[in-house]
file coords33.cif (mmCIF, C-alpha atoms and all ligand atoms)
data_coords
loop_
_atom_site.label_atom_id
_atom_site.label_comp_id
_atom_site.auth_asym_id
_atom_site.auth_seq_id
_atom_site.Cartn_x
_atom_site.Cartn_y
_atom_site.Cartn_z
CA MET A 3 76.99 137.95 74.44
CA ARG A 4 80.48 138.91 75.55
CA ARG A 5 79.43 138.48 79.15
CA GLY A 6 78.22 134.98 78.44
CA ILE A 7 81.52 134.03 76.82
CA ALA A 8 83.45 135.43 79.79
CA ALA A 9 81.31 133.42 82.18
CA VAL A 10 82.01 130.24 80.23
CA GLY A 11 85.72 131.04 80.38
CA ALA A 12 85.52 131.49 84.16
CA VAL A 13 83.75 128.15 84.53
CA ILE A 14 86.45 126.43 82.46
CA ALA A 15 89.18 128.12 84.54
CA ALA A 16 87.48 127.03 87.76
CA GLY A 17 87.23 123.52 86.41
CA LEU A 18 90.96 123.48 85.68
CA VAL A 19 91.72 124.67 89.21
CA ILE A 20 89.53 121.93 90.70
CA GLU A 21 91.27 119.38 88.48
CA ARG A 22 94.63 120.65 89.72
CA ILE A 23 93.53 120.45 93.36
CA ARG A 24 92.29 116.90 92.80
CA GLU A 25 95.62 116.01 91.25
CA LEU A 26 97.52 117.42 94.23
CA HIS A 27 95.18 115.80 96.72
CA GLY A 28 95.43 112.46 94.98
CA HIS A 29 99.20 112.67 95.03
CA ALA A 30 99.26 113.51 98.75
CA ALA A 31 96.88 110.67 99.56
CA SER A 32 98.83 108.09 97.55
CA ALA A 33 100.45 106.76 100.74
CA PRO A 34 97.77 106.98 103.46
CA HIS A 35 99.34 104.31 105.67
CA VAL A 36 102.72 106.00 106.04
CA LEU A 37 103.05 107.93 109.27
CA PRO A 38 106.32 109.89 109.30
CA ALA A 39 106.28 110.20 113.11
CA MET A 40 106.15 106.41 113.54
CA PRO A 41 109.16 104.66 111.99
CA GLU A 42 108.75 100.96 111.34
CA PRO A 43 109.81 98.98 114.39
CA THR A 44 112.88 96.89 113.75
CA ALA A 45 114.77 94.41 115.86
CA TYR A 46 117.83 92.24 115.52
CA CYS A 47 116.86 88.70 114.67
CA LEU A 48 119.22 86.22 116.32
CA HIS A 49 118.16 83.49 113.91
CA CYS A 50 118.77 85.53 110.73
CA LYS A 51 121.65 87.45 112.30
CA ALA A 52 120.25 90.57 110.72
CA SER A 53 118.10 93.55 111.61
CA ARG A 54 114.54 92.83 110.54
CA ARG A 55 111.39 94.86 110.26
CA MET A 56 108.92 93.56 112.82
CA ASP A 57 105.94 91.69 111.53
CA ASP A 58 102.71 92.27 113.48
CA PRO A 59 104.32 94.68 115.97
CA HIS A 60 102.57 95.52 119.21
CA SER A 61 103.52 97.52 122.26
CA VAL A 62 104.39 95.65 125.43
CA VAL A 63 105.86 96.41 128.85
CA MET A 64 109.15 94.68 129.42
CA LYS A 65 110.08 92.81 132.63
CA ASN A 66 112.07 95.83 133.77
CA GLY A 67 109.00 98.04 133.38
CA ARG A 68 110.16 99.73 130.20
CA PRO A 69 107.91 100.05 127.18
CA GLY A 70 108.94 97.89 124.28
CA THR A 71 107.74 96.41 121.05
CA LYS A 72 107.21 92.76 120.24
CA GLY A 73 106.62 91.19 116.88
CA HIS A 74 107.79 88.47 114.57
CA CYS A 75 110.58 88.17 112.06
CA PRO A 76 109.01 88.32 108.59
CA VAL A 77 111.69 85.96 107.24
CA CYS A 78 111.98 83.14 109.78
CA GLY A 79 108.89 83.83 111.89
CA ARG A 80 110.69 83.88 115.21
CA GLY A 81 109.65 86.30 117.92
CA LEU A 82 111.39 89.65 117.99
CA ALA A 83 111.46 92.17 120.80
CA SER A 84 112.98 95.57 121.15
CA VAL A 85 112.99 98.05 124.00
CA ALA A 86 111.67 101.43 122.97
CA SER A 87 114.45 103.98 122.93
CA VAL A 88 113.56 106.57 125.53
CA ALA A 89 115.15 109.96 125.08
CA ALA A 90 116.79 110.86 128.35
ZN ZN B 101 114.60 85.95 111.40
#

call {"tool": "encode", "arguments": {"input": "coords33.cif", "output": "structure tokens", "more": "lines below"}}
Ligand SMILES: [Zn+2]
result
Amino acid sequence: MRRGIAAVGAVIAAGLVIERIRELHGHAASAPHVLPAMPEPTAYCLHCKASRRMDDPHSVVMKNGRPGTKGHCPVCGRGLASVASVAA
């Protein structure tokens, strides 16, 4: 009988561990869309006279051949463009 009780205790302990792992996993997955390596593209909006986060950003190649990002101002809707900062 003692063995049976111990086994039940082990099952309960295992269940608690699984619950803890689920808790940790759920916490880590709470922000699945955030990619730390990719900061939100921003550009200076001439219309708002402020730096705005780009709406609908997409990569483009600028006239000078440099990679850049184009999007829209989320406030006034005007087009925004920024040249990607290339580390020399
Ligand atoms: Zn704007």

call {"tool": "atom_distance", "arguments": {"input": "coords33.cif", "atom1": "atom CA of A:Val13", "atom2": "atom CA of A:His27"}}
result
20.8 Å

call {"tool": "closest_residue", "arguments": {"input": "coords33.cif", "among": "A:Val85, A:Pro43, A:Leu48, A:Gly79", "to": "A:Val62", "atoms": "all atoms listed in the file"}}
result
A:Val85

call {"tool": "closest_residue", "arguments": {"input": "coords33.cif", "among": "A:His60, A:Arg54, A:Arg5, A:Lys72", "to": "ligand ZN 101 (chain B)", "atoms": "all atoms listed in the file"}}
result
A:Arg54

call {"tool": "residues_near_point", "arguments": {"input": "coords33.cif", "point": "(109.4, 94.6, 113.2)", "cutoff": "9 Å", "atoms": "only C-alpha atoms", "output": "list in words"}}
result
Glu42, Pro43, Thr44, Ala45, Ser53, Arg54, Arg55, Met56, Asp57, Asp58, Pro59, Thr71, Lys72, Gly73, His74, Cys75, Pro76, Leu82, Ala83 and Ser84 of chain A

call {"tool": "atom_distance", "arguments": {"input": "coords33.cif", "atom1": "atom CA of A:Cys78", "atom2": "atom CA of A:Cys47"}}
result
8.9 Å

call {"tool": "closest_residue", "arguments": {"input": "coords33.cif", "among": "A:Gly70, A:Gly11, A:His49, A:Met64", "to": "ligand ZN 101 (chain B)", "atoms": "only C-alpha atoms and all ligand atoms"}}
result
A:His49

call {"tool": "atom_distance", "arguments": {"input": "coords33.cif", "atom1": "atom CA of A:Gly81", "atom2": "atom CA of A:Arg68"}}
result
18.2 Å

call {"tool": "closest_residue", "arguments": {"input": "coords33.cif", "among": "A:Ala16, A:Cys50, A:Ala9, A:Ala86", "to": "ligand ZN 101 (chain B)", "atoms": "all atoms listed in the file"}}
result
A:Cys50

call {"tool": "closest_residue", "arguments": {"input": "coords33.cif", "among": "A:Ala52, A:Ala15, A:Ala8, A:Val63", "to": "ligand ZN 101 (chain B)", "atoms": "only C-alpha atoms and all ligand atoms"}}
result
A:Ala52
